[in-house]
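Visitor: File follows, my_file-v5.txt with compact mmCIF, C-alpha atoms:
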# COMPACT_ATOMS: atom_id res chain seq x y z
CA MET A 261 0.49 -25.27 -10.59
CA GLN A 262 3.49 -25.90 -8.34
CA ALA A 263 5.67 -23.75 -10.59
CA ALA A 264 3.11 -20.92 -10.50
CA ASN A 265 2.84 -21.14 -6.71
CA GLY A 266 6.62 -21.13 -6.42
CA ARG A 267 6.87 -18.05 -8.62
CA ARG A 268 4.19 -16.31 -6.58
CA SER A 269 5.95 -17.15 -3.30
CA PHE A 270 9.25 -15.89 -4.68
CA LEU A 271 7.73 -12.61 -5.84
CA GLN A 272 5.92 -12.08 -2.56
CA GLY A 273 9.13 -12.68 -0.66
CA MET A 274 10.96 -10.28 -2.95
CA VAL A 275 8.40 -7.52 -2.39
CA ALA A 276 8.26 -8.14 1.35
CA SER A 277 11.97 -7.38 1.36
CA THR A 278 11.52 -4.16 -0.59
CA LEU A 279 8.39 -2.05 -0.13
CA GLY A 280 7.18 -3.86 2.99
CA LEU A 281 10.28 -4.92 4.93
CA PRO A 282 8.88 -5.13 8.49
CA ALA A 283 12.11 -5.01 10.47
CA LEU A 284 12.81 -1.48 9.24
CA LEU A 285 9.38 0.04 9.62
CA SER A 286 9.25 1.08 13.26
CA GLY A 287 7.39 4.32 12.63
CA CYS A 288 6.74 7.20 10.31
CA ALA A 289 9.68 9.51 9.65
CA ALA A 290 7.53 12.63 9.49
CA PRO A 291 3.84 13.48 10.14
CA VAL A 292 2.06 12.42 6.98
CA ALA A 293 -0.89 14.80 7.47
CA ARG A 294 1.40 17.83 7.79
CA LEU A 295 3.43 17.03 4.69
CA ALA A 296 0.29 16.23 2.71
CA GLN A 297 -1.20 19.69 3.27
CA GLY A 298 -1.86 21.52 0.03
CA THR A 299 -1.41 18.39 -2.11
CA PRO A 300 -4.03 16.17 -3.76
CA VAL A 301 -3.30 13.45 -1.18
CA GLU A 302 -4.28 15.68 1.77
CA GLN A 303 -7.92 14.59 2.05
CA ILE A 304 -7.27 10.87 1.85
CA THR A 305 -4.43 10.96 4.39
CA THR A 306 -6.63 12.90 6.80
CA ALA A 307 -9.80 10.82 6.56
CA SER A 308 -9.12 7.51 4.81
CA PHE A 309 -5.54 6.44 5.52
CA ALA A 310 -3.87 4.71 8.45
CA THR A 311 -0.59 2.95 9.10
CA LEU A 312 -0.72 -0.76 9.84
CA GLN A 313 1.20 -2.08 12.83
CA SER A 314 1.81 -5.71 13.76
CA ASN A 315 3.68 -6.78 16.89
CA GLY A 316 4.81 -3.20 17.44
CA LEU A 317 6.25 -2.70 13.95
CA THR A 318 4.78 -0.47 11.25
CA ARG A 319 4.51 -2.54 8.09
CA GLY A 320 2.65 -0.36 5.62
CA GLY A 321 -0.67 1.40 5.13
CA VAL A 322 -4.39 0.81 4.66
CA VAL A 323 -7.17 2.77 2.96
CA GLY A 324 -10.82 2.99 3.92
CA PHE A 325 -13.15 0.83 1.83
CA ASP A 326 -16.54 1.04 3.56
CA GLY A 327 -17.82 1.81 7.04
CA HIS A 328 -16.40 -1.38 8.54
CA HIS A 329 -13.53 -2.44 6.26
CA VAL A 330 -10.16 -1.28 4.95
CA LEU A 331 -7.92 -2.57 2.17
CA THR A 332 -4.20 -3.24 2.20
CA CYS A 333 -1.63 -5.38 0.41
CA ALA A 334 -1.64 -8.96 1.65
CA HIS A 335 2.15 -9.14 1.76
CA VAL A 336 2.38 -6.63 4.62
CA LEU A 337 0.57 -9.05 6.94
CA GLU A 338 2.45 -11.68 8.89
CA ALA A 339 1.34 -15.27 8.51
CA GLY A 340 -1.72 -15.66 10.70
CA ALA A 341 -1.82 -11.89 11.34
CA PRO A 342 -1.58 -12.38 15.14
CA SER A 343 -1.98 -8.73 16.13
CA ILE A 344 -3.01 -5.86 13.89
CA ARG A 345 -3.45 -2.24 14.91
CA LEU A 346 -4.18 0.78 12.77
CA ARG A 347 -3.03 4.32 13.52
CA ARG A 348 -4.61 7.37 11.91
CA ALA A 349 -2.81 10.60 11.09
CA ASP A 350 -4.36 12.23 14.18
CA GLY A 351 -2.86 9.55 16.44
CA ALA A 352 -6.07 7.59 17.09
CA GLU A 353 -5.63 3.82 17.06
CA THR A 354 -7.84 0.77 16.80
CA ALA A 355 -7.50 -2.98 16.46
CA ALA A 356 -8.21 -4.64 13.11
CA SER A 357 -8.96 -8.23 12.16
CA LEU A 358 -8.30 -10.07 8.93
CA VAL A 359 -11.45 -10.91 6.95
CA ALA A 360 -9.79 -12.49 3.92
CA ARG A 361 -6.70 -12.60 1.75
CA SER A 362 -7.12 -12.79 -2.00
CA GLY A 363 -5.71 -15.74 -3.90
CA ARG A 364 -5.87 -13.69 -7.10
CA MET A 365 -3.95 -10.55 -6.21
CA ASP A 366 -1.89 -8.89 -3.48
CA LEU A 367 -4.92 -7.78 -1.49
CA ALA A 368 -6.30 -8.25 2.02
CA VAL A 369 -9.54 -7.01 3.57
CA LEU A 370 -9.53 -6.04 7.25
CA ARG A 371 -12.46 -5.31 9.56
CA VAL A 372 -12.20 -2.25 11.81
CA ALA A 373 -14.39 -0.31 14.22
CA ALA A 374 -17.26 1.43 12.46
CA GLY A 375 -16.31 4.89 11.21
CA PHE A 376 -12.61 4.66 12.06
CA LEU A 377 -11.75 5.53 8.45
CA ALA A 378 -13.98 7.10 5.83
CA PRO A 379 -14.30 5.24 2.53
CA ALA A 380 -11.78 6.67 0.08
CA GLU A 381 -13.23 8.44 -2.94
CA ARG A 382 -12.29 6.20 -5.84
CA ALA A 383 -11.45 7.42 -9.34
CA GLU A 384 -13.92 6.45 -12.03
CA ALA A 385 -11.54 6.80 -14.98
CA PRO A 386 -8.42 4.66 -15.39
CA PRO A 387 -5.01 6.36 -15.18
CA ARG A 388 -3.46 7.99 -18.25
CA ARG A 389 0.15 7.82 -19.37
CA GLY A 390 2.03 10.82 -18.00
CA GLU A 391 -0.70 11.72 -15.50
CA LEU A 392 0.58 13.16 -12.22
CA VAL A 393 0.00 10.98 -9.15
CA TRP A 394 0.68 11.22 -5.42
CA ALA A 395 1.21 8.43 -2.88
CA ALA A 396 1.22 8.20 0.92
CA GLY A 397 3.08 5.69 3.06
CA ALA A 398 4.87 4.98 6.33
CA PRO A 399 8.63 4.82 5.72
CA SER A 400 11.07 4.53 8.60
CA ILE A 401 13.25 7.29 7.11
CA GLY A 402 12.24 9.69 4.37
CA SER A 403 9.10 11.48 3.26
CA PRO A 404 5.72 9.75 3.68
CA ILE A 405 4.47 11.62 0.60
CA ALA A 406 5.69 10.96 -2.96
CA GLN A 407 4.81 12.63 -6.24
CA GLY A 408 5.33 11.09 -9.66
CA HIS A 409 3.68 10.23 -12.93
CA VAL A 410 2.01 7.26 -14.58
CA GLU A 411 4.40 5.26 -16.72
CA ALA A 412 2.33 2.33 -18.06
CA PRO A 413 -1.43 2.84 -17.48
CA ASP A 414 -2.20 -0.86 -17.85
CA ALA A 415 0.18 -3.46 -16.45
CA GLU A 416 0.04 -6.83 -14.77
CA MET A 417 2.55 -8.19 -12.26
CA PRO A 418 2.38 -11.97 -11.74
CA GLY A 419 1.17 -12.80 -8.25
CA PHE A 420 0.12 -9.21 -7.51
CA GLY A 421 -2.68 -8.47 -9.96
CA ARG A 422 -3.42 -5.86 -12.57
CA GLY A 423 -2.90 -2.15 -12.30
CA PHE A 424 -0.35 0.35 -13.60
CA THR A 425 3.24 1.40 -13.10
CA ALA A 426 4.36 4.84 -12.01
CA ARG A 427 7.65 6.63 -11.60
CA MET A 428 7.93 8.12 -8.12
CA PRO A 429 10.23 8.12 -5.07
CA ALA A 430 8.11 5.62 -3.10
CA LEU A 431 9.97 4.09 -0.16
CA MET A 432 9.75 0.95 1.93
CA GLY A 433 6.60 1.31 4.00
CA TYR A 434 4.38 2.59 1.20
CA SER A 435 2.85 -0.86 0.56
CA GLY A 436 -0.93 -0.87 0.95
CA GLY A 437 -1.08 2.91 0.96
CA PRO A 438 -3.02 5.09 -1.49
CA VAL A 439 -2.03 6.45 -4.89
CA VAL A 440 -4.28 9.31 -6.00
CA ASP A 441 -4.77 11.52 -9.05
CA GLU A 442 -4.72 15.32 -9.25
CA ASP A 443 -8.26 15.46 -7.84
CA GLY A 444 -7.31 13.37 -4.82
CA GLN A 445 -9.29 10.36 -6.03
CA LEU A 446 -7.94 6.90 -5.32
CA LEU A 447 -6.35 5.14 -8.30
CA GLY A 448 -4.83 2.17 -6.48
CA LEU A 449 -2.62 0.75 -3.74
CA THR A 450 1.18 0.87 -3.83
CA ALA A 451 2.17 -2.79 -4.11
CA ALA A 452 5.65 -3.60 -5.45
CA LEU A 453 8.94 -2.65 -7.00
CA PRO A 454 9.04 -4.60 -10.29
CA GLN A 455 12.85 -4.27 -10.43
CA PRO A 456 14.07 -4.03 -6.81
CA GLY A 457 17.62 -5.26 -7.46
CA ALA A 458 19.60 -5.29 -4.23
CA ALA A 459 17.46 -2.60 -2.57
CA GLY A 460 16.01 -4.95 0.06
CA ALA A 461 19.34 -6.42 1.10
CA LEU A 462 20.96 -2.98 1.24
CA ALA A 463 18.12 -1.62 3.36
CA PHE A 464 18.37 -4.55 5.76
CA LEU A 465 22.09 -3.95 6.24
CA LEU A 466 21.85 -0.16 6.63
CA GLY A 467 18.51 0.09 8.41
CA ALA A 468 17.07 2.52 5.86
CA ASP A 469 15.91 2.53 2.26
CA ILE A 470 19.04 4.30 0.98
CA ASP A 471 18.42 3.08 -2.56
CA GLY A 472 14.97 4.65 -2.57
CA LEU A 473 16.15 7.90 -0.98
CA ALA A 474 18.67 8.27 -3.79
CA GLN A 475 16.11 7.79 -6.57
CA SER A 476 13.51 10.27 -7.78
CA ASP A 477 11.88 8.10 -10.45
CA ARG A 478 11.67 4.61 -8.97
CA GLN A 479 9.41 2.25 -10.90
CA VAL A 480 6.46 1.27 -8.72
CA PHE A 481 3.63 -1.17 -9.42
CA VAL A 482 0.22 0.06 -8.25
CA LEU A 483 -2.68 -2.36 -7.82
CA SER A 484 -5.76 -0.97 -9.58
CA ILE A 485 -8.45 0.16 -7.14
CA ARG A 486 -11.14 -0.93 -9.59
CA ARG A 487 -9.73 -4.46 -9.61
CA ALA A 488 -9.19 -4.38 -5.84
CA GLU A 489 -12.72 -3.12 -5.20
CA ALA A 490 -14.29 -5.91 -7.25
CA GLU A 491 -12.15 -8.52 -5.51
CA ALA A 492 -12.90 -7.08 -2.06
CA ARG A 493 -16.64 -7.31 -2.69
CA ARG A 494 -16.22 -10.91 -3.82
CA LEU A 495 -14.23 -11.75 -0.69
CA LEU A 496 -16.74 -10.07 1.60
CA GLY A 497 -19.59 -11.90 -0.09
CA ALA A 498 -17.82 -15.23 0.33
CA ALA A 499 -17.07 -14.47 3.99
CA ALA A 500 -20.72 -13.66 4.67
CA ALA A 501 -22.06 -16.76 2.93
Show the structure stored in the file as structure tokens.
Guide:
Amino acid sequence: MQAANGRRSFLQGMVASTLGLPALLSGCAAPVARLAQGTPVEQITTASFATLQSNGLTRGGVVGFDGHHVLTCAHVLEAGAPSIRLRRADGAETAASLVARSGRMDLAVLRVAAGFLAPAERAEAPPRRGELVWAAGAPSIGSPIAQGHVEAPDAEMPGFGRGFTARMPALMGYSGGPVVDEDGQLLGLTAALPQPGAAGALAFLLGADIDGLAQSDRQVFVLSIRRAEAEARRLLGAAAA
């Protein structure tokens, strides 16, 4: 058990220094809604996506789950989550509070003001190898929209859960944000770089995700929305009990 917990802590620290490095994420490099226009990710970025800010720093994204809750990756939250604010593409902001973190996967459920985000339309079918996908995020430098394709439609990353891997130019700040199919339906949440190498250290030194900007087919692990949805319902049920 101690070994498993140590491995989980190591992996979470590794990912926090890659896709969710908070010191670098002071804001979005370009308006996500504008760049999403005409793409399958347009609807979700307009109605069901927001950036997550803690202590004045943008740490990643969230997606609407139901009328009162949103989902994000647990690793983007600071310990204790002292102050969380969400910012929509139209500039509207609201406070959010942590309901629960999952002990099974890289997932957190937050409570927000009713109607702040619409529930994202979730895909019914699992992803297919080679299928085109789009992601939205909140990088400090670079595009907040990425396009790529599914690499492994069924994959598991220890400590982060089960989902799939994709090849796309996702940058630091995409964690917790949506990955959608060609119909704009939610397939999962961007969660990790399975092989980050020295990307996190380089970004810390340079103040930007230079490694990511230079790559067009970065391997990205995406947490399955079907798995996340089931876990979120379990967490909400436990919180209400």
Visitor: Using only C-alpha atoms, which of A:Val330, A:Ala412, A:Leu377, A:Ala452 sits nearest A:Tyr434?
Guide: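 Nearest to A:Tyr434: A:Ala452.
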Visitor: Within 6 Å of A:Leu367, counting only C-alpha atoms, which residues show up once you throw out same-chain ones fewer than 3 positions away? Write them as a list in words, please.
Guide: Thr332, Cys333, Ala334 and Ser362 of chain A
Visitor: Find the residues around A:Ala374 up to 9 Å (all atoms listed in the file counted), leave out those fewer than 6 positions away in its own chain, and share them as a list in words.
Guide: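 Those residues are Asp326, Gly327, His328 and His329 of chain A.
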Visitor: For stretch 304-321 of chain A, work out the shell of residues within 6 Å, counting all atoms listed in the file and skipping chain neighbours fewer than 2 positions away, then give it as an MDAnalysis selection string.
Guide: chainID A and resid 280 282 285:287 301:302 323:324 336 343:348 377:378 380 398 433:437
Visitor: Would you write out those residues with C-alpha atoms, as a PDB file, in the frame of the given file?
Guide:
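So the final result, stored in again-v3.pdb, reads:
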ATOM      1  CA  GLY A 280       7.180  -3.860   2.990  1.00  0.00           C
ATOM      2  CA  PRO A 282       8.880  -5.130   8.490  1.00  0.00           C
ATOM      3  CA  LEU A 285       9.380   0.040   9.620  1.00  0.00           C
ATOM      4  CA  SER A 286       9.250   1.080  13.260  1.00  0.00           C
ATOM      5  CA  GLY A 287       7.390   4.320  12.630  1.00  0.00           C
ATOM      6  CA  VAL A 301      -3.300  13.450  -1.180  1.00  0.00           C
ATOM      7  CA  GLU A 302      -4.280  15.680   1.770  1.00  0.00           C
ATOM      8  CA  VAL A 323      -7.170   2.770   2.960  1.00  0.00           C
ATOM      9  CA  GLY A 324     -10.820   2.990   3.920  1.00  0.00           C
ATOM     10  CA  VAL A 336       2.380  -6.630   4.620  1.00  0.00           C
ATOM     11  CA  SER A 343      -1.980  -8.730  16.130  1.00  0.00           C
ATOM     12  CA  ILE A 344      -3.010  -5.860  13.890  1.00  0.00           C
ATOM     13  CA  ARG A 345      -3.450  -2.240  14.910  1.00  0.00           C
ATOM     14  CA  LEU A 346      -4.180   0.780  12.770  1.00  0.00           C
ATOM     15  CA  ARG A 347      -3.030   4.320  13.520  1.00  0.00           C
ATOM     16  CA  ARG A 348      -4.610   7.370  11.910  1.00  0.00           C
ATOM     17  CA  LEU A 377     -11.750   5.530   8.450  1.00  0.00           C
ATOM     18  CA  ALA A 378     -13.980   7.100   5.830  1.00  0.00           C
ATOM     19  CA  ALA A 380     -11.780   6.670   0.080  1.00  0.00           C
ATOM     20  CA  ALA A 398       4.870   4.980   6.330  1.00  0.00           C
ATOM     21  CA  GLY A 433       6.600   1.310   4.000  1.00  0.00           C
ATOM     22  CA  TYR A 434       4.380   2.590   1.200  1.00  0.00           C
ATOM     23  CA  SER A 435       2.850  -0.860   0.560  1.00  0.00           C
ATOM     24  CA  GLY A 436      -0.930  -0.870   0.950  1.00  0.00           C
ATOM     25  CA  GLY A 437      -1.080   2.910   0.960  1.00  0.00           C
TER      26      GLY A 437
END
Visitor: What's the separation between atom CA of A:Ala451 and atom CA of A:Val482, in Å to one decimal place?
Guide: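 These atoms are spaced 5.4 Å apart.
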Visitor: Atom CA of A:Leu453 and atom CA of A:Glu381, how far apart in Å?
Guide: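 These atoms are spaced 25.1 Å apart.
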Visitor: Find the distance between atom CA of A:Ala501 and atom CA of A:Leu370 and write it in Å to one decimal.
Guide: 17.0 Å
Visitor: From the options A:Ala498, A:Ala430, A:Leu483, A:Ala368, which residue's atoms come nearest to A:Asp414, counting all atoms listed in the file?
Guide: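 Once distances to A:Asp414 are computed over all atoms listed in the file, the minimum belongs to A:Leu483.
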Visitor: With distances taken over all atoms listed in the file, which of A:Phe420, A:Pro291, A:Arg382, A:Ala415 is nearest to A:Gly363?
Guide: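 Residue with the minimum atom-to-atom distance to A:Gly363: A:Phe420.
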Visitor: Could you give me, as a PyMOL selection string, the residues within 7 Å of A:Ile405, counting all atoms listed in the file and dropping anything in the same chain fewer than 3 positions from it?
Guide: chain A and resi 292+295-296+395-397
Visitor: Compare A:Gly408, A:Gly444, A:Glu384, A:Ser357 by their minimum atom-to-atom distance to A:Gln297, counting all atoms listed in the file, and give me the closest one.
Guide: A:Gly444
Visitor: Kindly compute an axis-aligned box around the listed atoms of stretch 489-493 of chain A, allowing 5 Å on each side, and express its centre and edge lengths in Å to one decimal as AutoDock Vina command-line options.
Guide:
--center_x -14.4 --center_y -5.8 --center_z -4.7 --size_x 14.5 --size_y 15.4 --size_z 15.2
